[in-house]
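Source file: coords19.tsv (TSV, C-alpha atoms)
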```tsv
chain	number	residue	atom	x	y	z
A	23	MET	CA	6.40	-19.57	-4.11
A	24	GLN	CA	7.27	-23.08	-3.01
A	25	ARG	CA	5.74	-23.59	0.40
A	26	SER	CA	9.09	-23.98	2.20
A	27	ARG	CA	9.29	-26.11	5.35
A	28	LEU	CA	11.16	-26.01	8.62
A	29	ALA	CA	13.21	-28.89	9.96
A	30	ALA	CA	14.70	-31.01	12.84
A	31	THR	CA	16.00	-34.63	13.32
A	32	LEU	CA	15.63	-36.99	16.33
A	33	VAL	CA	16.57	-40.65	16.74
A	34	ALA	CA	16.69	-43.67	14.47
A	35	ALA	CA	13.63	-45.88	14.21
A	36	ALA	CA	15.24	-48.62	16.26
A	37	THR	CA	15.52	-46.35	19.29
A	38	VAL	CA	12.27	-44.43	18.91
A	39	ALA	CA	10.60	-45.79	22.03
A	40	GLY	CA	13.54	-45.05	24.31
A	41	ALA	CA	14.12	-41.63	22.83
A	42	ALA	CA	10.51	-40.67	23.35
A	43	ALA	CA	10.88	-41.21	27.07
A	44	VAL	CA	14.03	-39.08	27.20
A	45	VAL	CA	12.41	-36.32	25.19
A	46	ALA	CA	9.34	-36.34	27.40
A	47	ALA	CA	11.50	-36.00	30.49
A	48	THR	CA	13.24	-32.90	29.12
A	49	ALA	CA	10.23	-31.27	27.48
A	50	HIS	CA	9.36	-29.05	30.42
A	51	ALA	CA	12.92	-27.81	30.85
A	52	GLN	CA	13.31	-26.92	27.19
A	53	THR	CA	9.97	-25.41	26.27
A	54	GLY	CA	8.16	-24.81	29.53
A	55	ALA	CA	4.84	-26.16	30.68
A	56	SER	CA	1.84	-25.34	28.56
A	57	THR	CA	-1.55	-25.03	30.16
A	58	GLY	CA	-3.03	-24.80	26.67
A	59	LEU	CA	-5.81	-22.70	25.21
A	60	ASP	CA	-9.35	-23.63	24.32
A	61	ASN	CA	-9.84	-25.43	21.01
A	62	ASN	CA	-11.13	-22.31	19.29
A	63	TRP	CA	-7.59	-20.99	19.29
A	64	TYR	CA	-6.02	-24.16	17.90
A	65	ALA	CA	-8.71	-24.16	15.20
A	66	ALA	CA	-7.78	-20.56	14.36
A	67	ALA	CA	-3.99	-20.87	14.39
A	68	PRO	CA	-2.42	-19.46	11.20
A	69	TYR	CA	0.70	-21.13	9.81
A	70	LEU	CA	4.04	-19.62	10.78
A	71	MET	CA	7.53	-20.72	9.79
A	72	PRO	CA	9.71	-19.78	12.77
A	73	GLN	CA	13.05	-20.54	11.04
A	74	SER	CA	12.48	-19.75	7.36
A	75	ASN	CA	10.88	-17.15	5.07
A	76	ASN	CA	11.98	-14.12	7.10
A	77	PRO	CA	9.80	-14.97	10.11
A	78	PRO	CA	8.18	-12.06	11.92
A	79	ASP	CA	8.48	-11.80	15.68
A	80	PRO	CA	5.45	-13.77	16.91
A	81	VAL	CA	5.03	-11.57	19.97
A	82	THR	CA	4.86	-8.49	17.76
A	83	VAL	CA	2.12	-10.17	15.71
A	84	MET	CA	0.28	-11.25	18.87
A	85	ASN	CA	0.31	-7.76	20.33
A	86	ALA	CA	-0.81	-6.17	17.06
A	87	THR	CA	-3.66	-8.60	16.33
A	88	GLY	CA	-4.74	-10.29	19.56
A	89	GLN	CA	-3.78	-13.67	18.03
A	90	LYS	CA	-2.77	-16.26	20.63
A	91	ALA	CA	-1.98	-19.44	18.67
A	92	PHE	CA	0.25	-20.29	15.71
A	93	GLN	CA	0.59	-23.40	13.53
A	94	LEU	CA	4.34	-23.98	13.33
A	95	ALA	CA	5.48	-25.65	10.11
A	96	PHE	CA	6.76	-28.27	9.14
A	97	ILE	CA	7.93	-31.60	10.56
A	98	LEU	CA	9.50	-33.95	7.98
A	99	ALA	CA	11.64	-37.08	7.81
A	100	PRO	CA	15.40	-36.49	7.65
A	101	LYS	CA	16.65	-35.72	4.15
A	102	GLY	CA	19.19	-38.50	4.50
A	103	GLY	CA	16.49	-41.01	5.39
A	104	GLY	CA	15.19	-42.43	8.65
A	105	CYS	CA	12.23	-42.31	10.98
A	106	SER	CA	13.05	-39.39	13.23
A	107	PRO	CA	11.28	-36.02	13.22
A	108	THR	CA	13.08	-32.99	11.86
A	109	TRP	CA	12.23	-29.41	11.01
A	110	ASP	CA	12.39	-29.16	7.23
A	111	GLY	CA	14.28	-32.42	6.95
A	112	THR	CA	17.48	-30.88	8.33
A	113	SER	CA	17.20	-29.80	11.99
A	114	PRO	CA	16.67	-32.60	14.53
A	115	VAL	CA	13.77	-32.06	16.89
A	116	SER	CA	15.79	-33.87	19.58
A	117	SER	CA	18.44	-31.14	19.68
A	118	ASP	CA	16.29	-28.16	18.72
A	119	THR	CA	16.46	-24.97	20.75
A	120	THR	CA	15.54	-22.39	18.09
A	121	VAL	CA	11.90	-23.38	17.67
A	122	GLY	CA	11.68	-24.17	21.37
A	123	ASP	CA	12.77	-20.63	22.17
A	124	ALA	CA	10.09	-19.23	19.85
A	125	ILE	CA	7.48	-21.40	21.57
A	126	ASN	CA	8.62	-20.14	24.96
A	127	ARG	CA	8.19	-16.53	23.83
A	128	ILE	CA	4.69	-17.23	22.48
A	129	ARG	CA	3.67	-19.01	25.67
A	130	GLY	CA	5.27	-16.32	27.79
A	131	ASN	CA	2.97	-13.83	26.05
A	132	GLY	CA	-0.14	-15.84	26.88
A	133	GLY	CA	-0.31	-17.95	23.72
A	134	ASP	CA	0.43	-21.45	22.51
A	135	VAL	CA	1.27	-23.42	19.38
A	136	SER	CA	0.22	-26.34	17.28
A	137	VAL	CA	2.79	-28.10	15.11
A	138	SER	CA	2.10	-29.11	11.52
A	139	VAL	CA	3.61	-32.26	10.05
A	140	GLY	CA	4.03	-32.86	6.34
A	141	GLY	CA	3.27	-30.01	3.97
A	142	TYR	CA	4.12	-29.63	0.29
A	143	GLY	CA	7.31	-31.35	-0.88
A	144	GLY	CA	9.95	-33.13	1.12
A	145	THR	CA	9.86	-36.65	2.54
A	146	LYS	CA	7.22	-37.33	5.16
A	147	LEU	CA	7.55	-39.63	8.15
A	148	GLY	CA	4.60	-41.66	6.90
A	149	GLN	CA	6.75	-42.56	3.88
A	150	THR	CA	9.83	-43.61	5.82
A	151	CYS	CA	8.69	-45.04	9.14
A	152	GLY	CA	7.13	-48.14	7.62
A	153	THR	CA	4.39	-48.83	10.15
A	154	VAL	CA	1.65	-46.98	11.98
A	155	ASP	CA	3.31	-47.55	15.35
A	156	ALA	CA	6.72	-46.31	14.19
A	157	THR	CA	5.14	-43.23	12.59
A	158	ALA	CA	3.16	-42.51	15.74
A	159	ALA	CA	6.25	-42.95	17.93
A	160	ALA	CA	8.15	-40.38	15.84
A	161	TYR	CA	5.32	-37.86	16.16
A	162	GLN	CA	4.94	-38.61	19.85
A	163	GLN	CA	8.47	-37.31	20.30
A	164	VAL	CA	7.36	-33.96	18.88
A	165	VAL	CA	4.29	-33.86	21.12
A	166	ALA	CA	6.42	-34.62	24.17
A	167	LYS	CA	9.32	-32.33	23.26
A	168	TYR	CA	7.08	-29.27	22.91
A	169	ASN	CA	4.32	-30.31	25.33
A	170	LEU	CA	1.78	-29.94	22.53
A	171	LYS	CA	-1.96	-29.62	22.93
A	172	ALA	CA	-2.56	-29.63	19.15
A	173	ILE	CA	-1.08	-31.16	16.01
A	174	ASP	CA	-1.91	-30.77	12.32
A	175	PHE	CA	-1.44	-33.43	9.62
A	176	ASP	CA	-0.88	-31.47	6.38
A	177	LEU	CA	-1.13	-34.30	3.84
A	178	GLU	CA	0.09	-33.17	0.43
A	179	GLU	CA	2.38	-34.17	-2.42
A	180	PRO	CA	4.05	-36.53	-2.88
A	181	GLU	CA	2.75	-38.46	0.12
A	182	TYR	CA	-0.85	-37.64	-0.75
A	183	GLU	CA	-0.82	-40.20	-3.57
A	184	ASP	CA	0.93	-42.91	-1.53
A	185	THR	CA	-1.73	-45.21	-0.07
A	186	ALA	CA	0.62	-46.89	2.40
A	187	ALA	CA	2.03	-43.57	3.61
A	188	ILE	CA	-1.43	-42.08	4.13
A	189	ALA	CA	-2.44	-45.20	6.06
A	190	ASN	CA	0.59	-44.65	8.32
A	191	GLU	CA	-0.22	-40.96	8.82
A	192	LEU	CA	-3.91	-41.45	9.61
A	193	GLY	CA	-3.18	-44.45	11.80
A	194	ALA	CA	-0.55	-42.44	13.67
A	195	ALA	CA	-2.96	-39.52	14.06
A	196	LYS	CA	-5.57	-41.85	15.55
A	197	LYS	CA	-2.99	-43.30	17.96
A	198	LEU	CA	-1.79	-39.86	19.05
A	199	GLN	CA	-5.41	-38.87	19.67
A	200	ALA	CA	-5.90	-41.92	21.90
A	201	ASP	CA	-2.56	-41.65	23.72
A	202	ASN	CA	-2.84	-37.90	24.40
A	203	PRO	CA	-6.35	-37.19	25.72
A	204	GLY	CA	-7.61	-33.77	24.67
A	205	LEU	CA	-5.05	-33.38	21.85
A	206	PHE	CA	-6.57	-31.26	19.06
A	207	VAL	CA	-5.92	-33.08	15.78
A	208	SER	CA	-6.55	-31.50	12.39
A	209	VAL	CA	-6.06	-32.97	8.92
A	210	THR	CA	-5.36	-30.61	6.01
A	211	MET	CA	-5.51	-31.64	2.35
A	212	PRO	CA	-5.53	-30.06	-1.13
A	213	GLY	CA	-8.75	-28.47	-2.32
A	214	THR	CA	-10.38	-28.48	-5.74
A	215	ALA	CA	-13.50	-26.91	-7.17
A	216	ALA	CA	-15.20	-30.23	-6.33
A	217	GLY	CA	-14.11	-29.93	-2.70
A	218	THR	CA	-11.12	-32.22	-2.95
A	219	GLY	CA	-9.78	-34.62	-5.56
A	220	TRP	CA	-9.80	-38.39	-5.91
A	221	PHE	CA	-6.91	-38.86	-3.48
A	222	GLY	CA	-8.71	-36.66	-0.98
A	223	THR	CA	-11.82	-38.81	-1.10
A	224	GLN	CA	-9.62	-41.88	-0.68
A	225	LEU	CA	-8.14	-40.23	2.40
A	226	LEU	CA	-11.63	-39.70	3.84
A	227	ASP	CA	-12.52	-43.33	3.11
A	228	GLN	CA	-9.33	-44.52	4.83
A	229	ALA	CA	-10.12	-42.44	7.92
A	230	LYS	CA	-13.60	-43.92	8.10
A	231	SER	CA	-12.31	-47.47	7.63
A	232	ILE	CA	-10.06	-47.20	10.71
A	233	GLY	CA	-12.62	-45.33	12.80
A	234	PHE	CA	-10.60	-42.12	12.93
A	235	SER	CA	-12.45	-38.83	13.44
A	236	PRO	CA	-10.09	-35.86	13.84
A	237	ASN	CA	-11.31	-32.58	15.25
A	238	ASN	CA	-11.23	-31.21	11.74
A	239	PHE	CA	-10.74	-31.95	8.04
A	240	SER	CA	-9.62	-28.80	6.19
A	241	ILE	CA	-9.12	-28.14	2.49
A	242	MET	CA	-6.72	-25.68	0.88
A	243	PRO	CA	-8.75	-23.99	-1.88
A	244	PHE	CA	-5.94	-22.31	-3.82
A	245	ASP	CA	-3.36	-23.08	-6.53
A	246	GLY	CA	-5.62	-24.02	-9.39
A	247	GLY	CA	-9.29	-23.41	-10.10
A	248	PHE	CA	-9.82	-20.50	-7.73
A	249	SER	CA	-9.46	-17.42	-9.90
A	250	GLY	CA	-12.90	-16.44	-8.62
A	251	GLY	CA	-11.39	-15.51	-5.26
A	252	GLY	CA	-13.50	-15.89	-2.15
A	253	ALA	CA	-16.64	-16.88	-4.07
A	254	SER	CA	-14.88	-19.85	-5.69
A	255	GLN	CA	-13.44	-20.87	-2.34
A	256	VAL	CA	-16.86	-20.83	-0.72
A	257	SER	CA	-18.18	-23.00	-3.54
A	258	ALA	CA	-15.40	-25.52	-2.93
A	259	LEU	CA	-16.07	-25.56	0.81
A	260	GLU	CA	-19.73	-26.25	0.20
A	261	ALA	CA	-18.80	-29.10	-2.16
A	262	PHE	CA	-16.42	-30.49	0.47
A	263	HIS	CA	-19.23	-30.36	3.00
A	264	GLY	CA	-21.14	-32.74	0.74
A	265	LEU	CA	-18.15	-35.08	0.52
A	266	LEU	CA	-17.84	-35.21	4.30
A	267	GLN	CA	-21.48	-36.26	4.46
A	268	SER	CA	-21.32	-38.87	1.70
A	269	HIS	CA	-17.95	-40.41	2.59
A	270	LEU	CA	-18.11	-40.28	6.39
A	271	GLY	CA	-21.84	-40.64	6.90
A	272	TRP	CA	-22.16	-37.42	8.87
A	273	ASP	CA	-25.26	-35.28	8.98
A	274	SER	CA	-25.02	-31.69	7.72
A	275	ALA	CA	-24.35	-30.05	11.10
A	276	THR	CA	-21.68	-32.59	12.04
A	277	ALA	CA	-19.97	-32.16	8.66
A	278	TYR	CA	-19.84	-28.38	8.99
A	279	ALA	CA	-18.55	-28.64	12.57
A	280	HIS	CA	-15.66	-30.85	11.39
A	281	GLU	CA	-14.88	-28.84	8.24
A	282	GLY	CA	-12.18	-26.22	7.88
A	283	PHE	CA	-10.71	-23.61	5.56
A	284	SER	CA	-6.96	-23.33	5.07
A	285	GLY	CA	-6.45	-20.43	2.68
A	286	MET	CA	-3.56	-18.56	1.13
A	287	ASN	CA	-3.32	-14.85	1.72
A	288	GLY	CA	-2.41	-12.70	-1.25
A	289	LYS	CA	-0.90	-14.12	-4.43
A	290	SER	CA	-0.90	-17.91	-4.72
A	291	ASP	CA	1.74	-20.09	-6.37
A	292	SER	CA	-0.42	-20.20	-9.52
A	293	SER	CA	-0.97	-16.40	-9.49
A	294	GLU	CA	-4.46	-16.38	-8.07
A	295	TYR	CA	-5.10	-13.35	-5.87
A	296	PHE	CA	-6.88	-13.50	-2.54
A	297	ASN	CA	-7.45	-10.06	-1.06
A	298	VAL	CA	-8.70	-9.00	2.34
A	299	SER	CA	-12.18	-8.83	0.81
A	300	ASP	CA	-11.92	-12.48	-0.27
A	301	PHE	CA	-11.01	-13.54	3.24
A	302	GLN	CA	-14.04	-11.61	4.47
A	303	THR	CA	-16.25	-13.57	2.06
A	304	VAL	CA	-14.94	-16.91	3.31
A	305	TYR	CA	-14.99	-15.78	6.93
A	306	ASP	CA	-18.66	-14.87	6.63
A	307	TYR	CA	-19.42	-18.29	5.15
A	308	ALA	CA	-17.35	-20.10	7.78
A	309	THR	CA	-18.96	-18.36	10.72
A	310	SER	CA	-22.51	-18.51	9.40
A	311	HIS	CA	-22.19	-22.25	8.71
A	312	HIS	CA	-20.30	-22.94	11.96
A	313	LEU	CA	-17.20	-24.39	10.34
A	314	GLY	CA	-14.70	-25.82	12.79
A	315	ARG	CA	-11.44	-24.28	11.55
A	316	PHE	CA	-10.19	-21.14	9.79
A	317	THR	CA	-6.48	-20.77	9.06
A	318	PHE	CA	-4.13	-19.66	6.28
A	319	TRP	CA	-0.65	-19.87	4.78
A	320	ALA	CA	1.11	-17.90	6.18
A	321	VAL	CA	1.86	-15.23	8.77
A	322	ASN	CA	5.29	-14.84	7.13
A	323	ARG	CA	3.43	-13.45	4.10
A	324	ASP	CA	0.95	-11.29	6.01
A	325	ARG	CA	2.49	-7.97	5.04
A	326	GLN	CA	2.55	-5.82	1.96
A	327	CYS	CA	5.50	-6.18	-0.39
A	328	THR	CA	7.82	-3.16	-0.35
A	329	THR	CA	11.42	-3.87	-1.36
A	330	THR	CA	10.70	-7.34	-2.75
A	331	THR	CA	7.95	-9.31	-4.45
A	332	ASP	CA	9.15	-12.62	-2.98
A	333	ASN	CA	5.90	-14.50	-2.44
A	334	SER	CA	7.31	-16.34	0.55
A	335	VAL	CA	7.75	-13.20	2.67
A	336	CYS	CA	4.98	-10.82	1.54
A	337	SER	CA	1.50	-11.08	0.06
A	338	ASN	CA	1.73	-9.11	-3.21
A	339	VAL	CA	-1.67	-7.53	-2.50
A	340	GLN	CA	-2.65	-4.25	-0.90
A	341	GLN	CA	-2.88	-4.61	2.88
A	342	ASN	CA	-1.70	-3.43	6.26
A	343	ASP	CA	0.62	-5.68	8.23
A	344	TRP	CA	-1.26	-8.61	9.80
A	345	ASP	CA	-4.64	-7.84	8.18
A	346	PHE	CA	-5.16	-11.53	7.39
A	347	THR	CA	-4.13	-12.69	10.87
A	348	LYS	CA	-6.91	-10.57	12.32
A	349	PHE	CA	-9.41	-12.92	10.66
A	350	THR	CA	-8.09	-15.86	12.66
A	351	THR	CA	-8.23	-13.77	15.82
A	352	ARG	CA	-11.87	-13.01	15.14
A	353	PHE	CA	-12.61	-16.65	14.30
A	354	ALA	CA	-11.28	-17.66	17.71
A	355	GLY	CA	-13.78	-15.28	19.27
A	356	ALA	CA	-11.47	-12.41	20.16
A	357	THR	CA	-11.56	-8.79	19.00
A	358	PRO	CA	-8.36	-7.62	17.28
A	359	PRO	CA	-6.82	-4.37	18.52
A	360	GLN	CA	-7.67	-1.42	16.30
A	361	THR	CA	-4.82	-0.34	14.08
A	362	THR	CA	-4.41	3.03	12.45
A	363	PRO	CA	-3.85	2.19	8.77
A	364	PRO	CA	-1.06	3.95	6.90
A	365	THR	CA	-2.14	6.74	4.61
A	366	SER	CA	-0.44	8.17	1.58
A	367	PRO	CA	0.98	11.66	2.13
A	368	THR	CA	-0.88	14.37	0.28
A	369	SER	CA	0.65	17.52	-1.12
A	370	PRO	CA	-0.72	20.90	-0.11
A	371	THR	CA	-3.12	22.28	-2.66
A	372	SER	CA	-3.45	25.83	-3.82
A	373	ASN	CA	-6.96	25.27	-5.11
A	374	PRO	CA	-9.64	27.68	-3.93
A	375	PRO	CA	-11.75	26.51	-0.98
A	376	GLY	CA	-14.51	24.16	-2.01
A	377	THR	CA	-12.68	22.73	-5.04
A	378	CYS	CA	-10.71	19.49	-5.31
A	379	SER	CA	-7.86	18.71	-7.66
A	380	ALA	CA	-8.42	14.93	-7.28
A	381	PRO	CA	-10.80	13.15	-9.66
A	382	GLU	CA	-14.34	12.54	-8.44
A	383	TRP	CA	-14.98	9.10	-6.94
A	384	GLN	CA	-16.75	6.68	-9.31
A	385	LYS	CA	-18.77	3.75	-7.98
A	386	THR	CA	-17.68	1.31	-10.71
A	387	GLN	CA	-14.00	2.30	-10.64
A	388	VAL	CA	-11.45	-0.06	-9.05
A	389	TYR	CA	-9.09	1.76	-6.69
A	390	THR	CA	-5.88	0.45	-5.12
A	391	GLY	CA	-4.12	1.59	-1.97
A	392	GLY	CA	-2.92	5.18	-2.12
A	393	ALA	CA	-5.47	6.25	-4.73
A	394	VAL	CA	-6.82	9.77	-4.06
A	395	VAL	CA	-10.33	10.87	-5.00
A	396	ALA	CA	-12.71	13.73	-4.30
A	397	HIS	CA	-16.20	13.23	-2.94
A	398	ASN	CA	-18.62	15.58	-1.16
A	399	SER	CA	-15.99	18.36	-1.18
A	400	HIS	CA	-13.49	16.20	0.73
A	401	LYS	CA	-10.35	14.50	-0.44
A	402	TRP	CA	-10.07	10.75	0.33
A	403	THR	CA	-7.21	8.23	0.17
A	404	ALA	CA	-7.79	4.50	-0.35
A	405	LYS	CA	-6.11	2.28	2.24
A	406	TRP	CA	-6.20	-0.80	-0.01
A	407	TRP	CA	-8.06	-2.27	-2.99
A	408	THR	CA	-11.70	-1.25	-3.16
A	409	GLN	CA	-14.64	-0.97	-5.53
A	410	GLY	CA	-18.12	0.40	-4.88
A	411	GLU	CA	-17.43	1.53	-1.29
A	412	GLU	CA	-18.46	5.18	-1.05
A	413	PRO	CA	-16.10	7.53	0.80
A	414	GLY	CA	-17.66	8.82	3.98
A	415	THR	CA	-19.85	5.78	4.59
A	416	THR	CA	-19.25	3.41	7.48
A	417	GLY	CA	-18.24	0.00	6.10
A	418	GLN	CA	-16.73	-3.17	7.45
A	419	TRP	CA	-13.17	-1.98	6.87
A	420	GLY	CA	-13.40	1.81	6.53
A	421	VAL	CA	-11.36	1.70	3.36
A	422	TRP	CA	-11.23	5.48	2.77
A	423	THR	CA	-9.19	7.93	4.87
A	424	ASP	CA	-10.71	11.43	5.03
A	425	ASN	CA	-7.98	13.98	4.32
A	426	GLY	CA	-10.31	16.86	5.09
A	427	GLY	CA	-12.13	19.46	3.04
A	428	CYS	CA	-10.64	20.48	-0.27
```
Kindly transcribe the structure held in the file into structure tokens.
Amino acid sequence: MQRSRLAATLVAAATVAGAAAVVAATAHAQTGASTGLDNNWYAAAPYLMPQSNNPPDPVTVMNATGQKAFQLAFILAPKGGGCSPTWDGTSPVSSDTTVGDAINRIRGNGGDVSVSVGGYGGTKLGQTCGTVDATAAAYQQVVAKYNLKAIDFDLEEPEYEDTAAIANELGAAKKLQADNPGLFVSVTMPGTAAGTGWFGTQLLDQAKSIGFSPNNFSIMPFDGGFSGGGASQVSALEAFHGLLQSHLGWDSATAYAHEGFSGMNGKSDSSEYFNVSDFQTVYDYATSHHLGRFTFWAVNRDRQCTTTTDNSVCSNVQQNDWDFTKFTTRFAGATPPQTTPPTSPTSPTSNPPGTCSAPEWQKTQVYTGGAVVAHNSHKWTAKWWTQGEEPGTTGQWGVWTDNGGC
């Protein structure tokens, strides 16, 4: 799955300053005033594409999970060139109503949004705006248009390897931070088994050289080198913690507090698989080490595949709808509403009382959702992938549904 991006175009670079004032004046009318949430929510905002990849209704997701914040993606430069912000390189932010309407609905339901700029593929404003000030002015239009309290700089290919573009992006991020007191600023970059690659360490060095300290630096530990699931992701996060210390001069606690996880739920582009259990592994690490951010790509994929295996709209792993989003809700400090998981229908049995037609549960056996076993004279159905979790015991997820005595 290519990580598709949203889009919207504003004004040419020559009129950026004037346009920003106009946009700011109309921001309240178009998207409503935002009182904002505490930073825990912006640090726990999962990515959501409100215009592409069969977007779910955000209010439905909010009500089902308790989630209050979303990371809307992605702001790019216009595909035809220029220094004005667009959704996905095609839809001008200046004339947008579609994303604005989605933001209004989220805020009307007690939530808020952050907006992510950059992402994988496409042309980034840091590549086209030419200077730090011009790049910052373009992003300031987005902040003003949507009355943002948070913004994410998702610095990936091809911009990631462009020294001048990264200098523009980080310089713009620093300026936005200074010009918008209280703005939550996160920086997201590719992850490797070593934490991040050479270009990532150069990014950290550039941030230090200009005196820029965002609220958070997050890595994306997926798409290469993470076939070990949650355990390999935790290893990468611990390595990145060391890089934050060595490149930024932070002590251990400060590095953890400014470190974040940006995962991928389900099947990755390179066919790695991250199940609910893997997210639990990383969540436990993140909370026990007091990491500053926990997010994932993307809510659009946070549902089990049924009529399609399109990786952009479903996860390709066993799950209930919004299982992964519930991790971000918990990370923000809220308790997700309890959901009754779906169960597979079972056929009536004519077996004598006390006998089961299903095979006996085996501790070493891997079971997927819908699998039926017998244990302690009861029949049990697996809700999702599991191994070693005994039916009838109280676990973190309660993976087995008791279908009653045989």
For this session: Would you please work out which residue, of A:Asn322, A:Gly88, A:Phe206, A:Pro72, is nearest to Thr351 in chain A when using all atoms listed in the file?
Result: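 Closest to Thr351 in chain A of all the choices is A:Gly88.
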Exercise. Using all atoms listed in the file, which of A:Gly314, A:Pro212, A:Gly427, A:Gly140 sits nearest Trp63 in chain A?
Worked result: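 Among A:Gly314, A:Pro212, A:Gly427, A:Gly140, it is A:Gly314 that comes nearest to Trp63 in chain A.
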Seminar exercise, completed: re CA of Thr210 in chain A and CA of Thr347 in chain A: distance 18.6 Å
Seminar exercise, completed: note - CA of Thr357 in chain A and CA of Gln89 in chain A are separated by 9.2 Å
Problem set entry | Between CA of Gln340 in chain A and CA of Ala404 in chain A - distance in Å to one decimal |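 A separation of 10.2 Å between them.
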Exercise. Which residues, protein or nucleic acid, reach to within 12 Å of (-1.5, -28.9, 20.8) in the file's coordinates when using only C-alpha atoms, and can you give that as a VMD selection string?
Worked result: chain A and resid 56 to 65 67 91 to 94 125 133 to 138 162 164 to 174 198 to 199 202 to 208 237
Exercise. Which residues come within 12 Å of Asn333 in chain A, counting only C-alpha atoms, excluding same-chain residues fewer than 4 positions away, as number ranges by chain?
Worked result: A: 23-26, 75-76, 286-295, 319-328, 337-339
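Contact shell of Gln255 in chain A at 8 Å (all atoms listed in the file; same-chain neighbours under 5 positions omitted): A:Ala215, A:Pro243, A:Phe244, A:Phe248, A:Gly250, A:Val304.
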For this session: Tell me, as a list in words, which residues lie within 6 Å of Gly111 in chain A, counting all atoms listed in the file; anything in the same chain fewer than 4 positions away does not count.
Result: Ala29, Leu98, Ala99, Pro100 and Lys101 of chain A
Let me know the centre plus edge lengths, in Å and rounded to one decimal, of a box with edges along x, y and z that contains all listed atoms of range 213-224 of chain A and is padded by 5 Å on every side, as JSON.
```
{"center_x": -11.1, "center_y": -34.4, "center_z": -3.9, "size_x": 18.3, "size_y": 25.0, "size_z": 16.5}
```
For this session: Quick one: everything within 12 Å of Gly102 in chain A, counting only C-alpha atoms, minus sequence neighbours fewer than 3 positions away in the same chain. Send it as a PyMOL selection string.
Result: chain A and resi 31+34+98-99+105-106+108+110-114+144-145+150
Excluding range 217-234 of chain A and residues on its chain fewer than 3 positions from it, collect all residues at most 9 Å away from it, counting all atoms listed in the file, and give them as a tab-separated table (two decimals) with C-alpha atoms, in the frame of the given file.
```tsv
chain	number	residue	atom	x	y	z
A	182	TYR	CA	-0.85	-37.64	-0.75
A	183	GLU	CA	-0.82	-40.20	-3.57
A	185	THR	CA	-1.73	-45.21	-0.07
A	188	ILE	CA	-1.43	-42.08	4.13
A	189	ALA	CA	-2.44	-45.20	6.06
A	192	LEU	CA	-3.91	-41.45	9.61
A	193	GLY	CA	-3.18	-44.45	11.80
A	195	ALA	CA	-2.96	-39.52	14.06
A	196	LYS	CA	-5.57	-41.85	15.55
A	211	MET	CA	-5.51	-31.64	2.35
A	212	PRO	CA	-5.53	-30.06	-1.13
A	213	GLY	CA	-8.75	-28.47	-2.32
A	214	THR	CA	-10.38	-28.48	-5.74
A	239	PHE	CA	-10.74	-31.95	8.04
A	241	ILE	CA	-9.12	-28.14	2.49
A	242	MET	CA	-6.72	-25.68	0.88
A	243	PRO	CA	-8.75	-23.99	-1.88
A	257	SER	CA	-18.18	-23.00	-3.54
A	258	ALA	CA	-15.40	-25.52	-2.93
A	259	LEU	CA	-16.07	-25.56	0.81
A	260	GLU	CA	-19.73	-26.25	0.20
A	261	ALA	CA	-18.80	-29.10	-2.16
A	262	PHE	CA	-16.42	-30.49	0.47
A	263	HIS	CA	-19.23	-30.36	3.00
A	264	GLY	CA	-21.14	-32.74	0.74
A	265	LEU	CA	-18.15	-35.08	0.52
A	266	LEU	CA	-17.84	-35.21	4.30
A	269	HIS	CA	-17.95	-40.41	2.59
A	270	LEU	CA	-18.11	-40.28	6.39
A	271	GLY	CA	-21.84	-40.64	6.90
```
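If all atoms listed in the file are the atoms counted, then among A:Glu281, A:Ala187, A:Phe175, A:Lys90 the closest residue to Ala66 in chain A is A:Lys90.
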